[in-house]
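Okay, structure first, notes after.
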Amino acid sequence: MTYREYLTATLRRFFINSEDVEILMLNQGIRPDDEVDIPTAKRAMYHEFSTLLPLANVSEGGFSVSWDADMVAAWYSMLAVELDEPDILNPGSSITNITDIW
């Protein structure tokens with residue numbers, strides 16, 4: 001499976017179009033037709049998260065797409081935890097050990 005196939009299939013559930021997937025790969029220096037390295041692909045999605053979010057809901061001729069913002073945020077948070085990266089949507093979600101202050 002290539003990066004293009006993996007990222008397109010993964011991001012399809014968020015209605016991310018193929019042009020945006022191409023931009024994500026360009027921004028992250030990924031060669032679209034190379035064999036996918038899943039941790040690299042997930043890191044690319046993590047780093048490009050803000051560009052993947054829709055700016056508006058789509059409504060056209062009786063068809064509409066609405067976003068469950070909580071589910072998108074949950075997906076991002078799970079990705080951040082999996083990659084051991086900061087969760088910028090929930091900055092207070094980490095626990096700090098301050099026992100040495102006592």
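Scheme for the structure tokens: letters A, B, ... for chains in order shown; per-chain residue numbers from 1; ligand numbers from 1 in order shown.
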
* Could you give me, as a ChimeraX atom specification, the residues within 10 Å of Gln28 (chain A), counting only C-alpha atoms and dropping anything in the same chain fewer than 6 positions from it? => /A:22,40-41,43-45,47-48

Produce a file of the selected residues containing C-alpha atoms, as a JSON list (two decimals), in the first residue's frame.
```json
[["chain", "number", "residue", "atom", "x", "y", "z"],
["A", 22, "GLU", "CA", -1.60, 15.55, -1.85],
["A", 40, "THR", "CA", 5.40, 8.15, 9.38],
["A", 41, "ALA", "CA", 1.92, 8.50, 7.85],
["A", 43, "ARG", "CA", 2.94, 11.56, 12.22],
["A", 44, "ALA", "CA", 2.17, 13.42, 8.99],
["A", 45, "MET", "CA", -1.54, 13.46, 9.84],
["A", 47, "HIS", "CA", 1.47, 17.51, 12.11],
["A", 48, "GLU", "CA", -1.01, 18.55, 9.42]]
```

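Closest approach to Glu19 (chain A) among A:Lys42, A:Asn90, A:Leu52, A:Ala80: A:Leu52, based on only C-alpha atoms.
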
* CA of Asp34 (chain A) and CA of Asp87 (chain A), how far apart in Å? -> 28.5 Å

* Measuring atom to atom with only C-alpha atoms, identify which of A:Ala73, A:Met1, A:Ile38, A:Leu26 is nearest to Phe14 (chain A). => A:Ala73

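Around Asp20 (chain A), within 12 Å and counting only C-alpha atoms, the residues found are Arg4, Leu7, Thr8, Leu11, Arg12, Phe14, Phe15, Ile16, Leu24, Met25, Leu26, Asn27, Met45, Glu48, Phe49, Ser50, Thr51, Leu52, Leu53 and Pro54 of chain A, once anything fewer than 4 positions away on its own chain is removed.
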
Emit the selected residues as a PDB file, in the first residue's frame, including C-alpha atoms.
```
ATOM      1  CA  ARG A   4      -1.402   8.033  -1.123  1.00  0.00           C
ATOM      2  CA  LEU A   7      -3.751   8.531   3.755  1.00  0.00           C
ATOM      3  CA  THR A   8      -6.675   8.773   1.339  1.00  0.00           C
ATOM      4  CA  LEU A  11      -8.860  10.565   5.867  1.00  0.00           C
ATOM      5  CA  ARG A  12     -11.853   9.677   3.699  1.00  0.00           C
ATOM      6  CA  PHE A  14     -13.451  12.932   7.502  1.00  0.00           C
ATOM      7  CA  PHE A  15     -14.373  13.841   3.912  1.00  0.00           C
ATOM      8  CA  ILE A  16     -10.828  15.033   3.224  1.00  0.00           C
ATOM      9  CA  LEU A  24      -0.387  16.985   3.229  1.00  0.00           C
ATOM     10  CA  MET A  25       2.186  14.727   1.568  1.00  0.00           C
ATOM     11  CA  LEU A  26       3.979  17.679  -0.070  1.00  0.00           C
ATOM     12  CA  ASN A  27       4.091  19.598   3.221  1.00  0.00           C
ATOM     13  CA  MET A  45      -1.541  13.456   9.841  1.00  0.00           C
ATOM     14  CA  GLU A  48      -1.013  18.555   9.418  1.00  0.00           C
ATOM     15  CA  PHE A  49      -4.089  18.269  11.641  1.00  0.00           C
ATOM     16  CA  SER A  50      -4.942  21.977  11.595  1.00  0.00           C
ATOM     17  CA  THR A  51      -4.971  22.020   7.786  1.00  0.00           C
ATOM     18  CA  LEU A  52      -7.222  18.939   7.675  1.00  0.00           C
ATOM     19  CA  LEU A  53     -10.030  20.481   9.705  1.00  0.00           C
ATOM     20  CA  PRO A  54     -12.889  21.869   7.673  1.00  0.00           C
TER      21      PRO A  54
END
```

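Comparing the minimum interatomic distances between Val72 (chain A) and each of A:Asp37, A:Glu85, A:Arg13, A:Ser18, counting only C-alpha atoms, we find that A:Arg13 sits nearest.
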
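Secondary structure by DSSP on the backbone puts the following residues of region 3-85 of chain A in strand (DSSP E): Val58, Ser59, Glu60, Phe63, Ser64 and Val65 of chain A.
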
Residues from last step as file, C-alpha atoms, as a CSV table (one decimal), in the first residue's frame:
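New file part.csv:
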```csv
chain,number,residue,atom,x,y,z
A,58,VAL,CA,-20.9,21.6,3.4
A,59,SER,CA,-24.5,21.9,2.3
A,60,GLU,CA,-25.6,21.5,-1.2
A,63,PHE,CA,-27.1,17.0,0.9
A,64,SER,CA,-25.2,18.2,3.9
A,65,VAL,CA,-22.1,17.1,5.7
```

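Separating CA of Tyr3 (chain A) from CA of Pro32 (chain A) is a distance of 5.1 Å.
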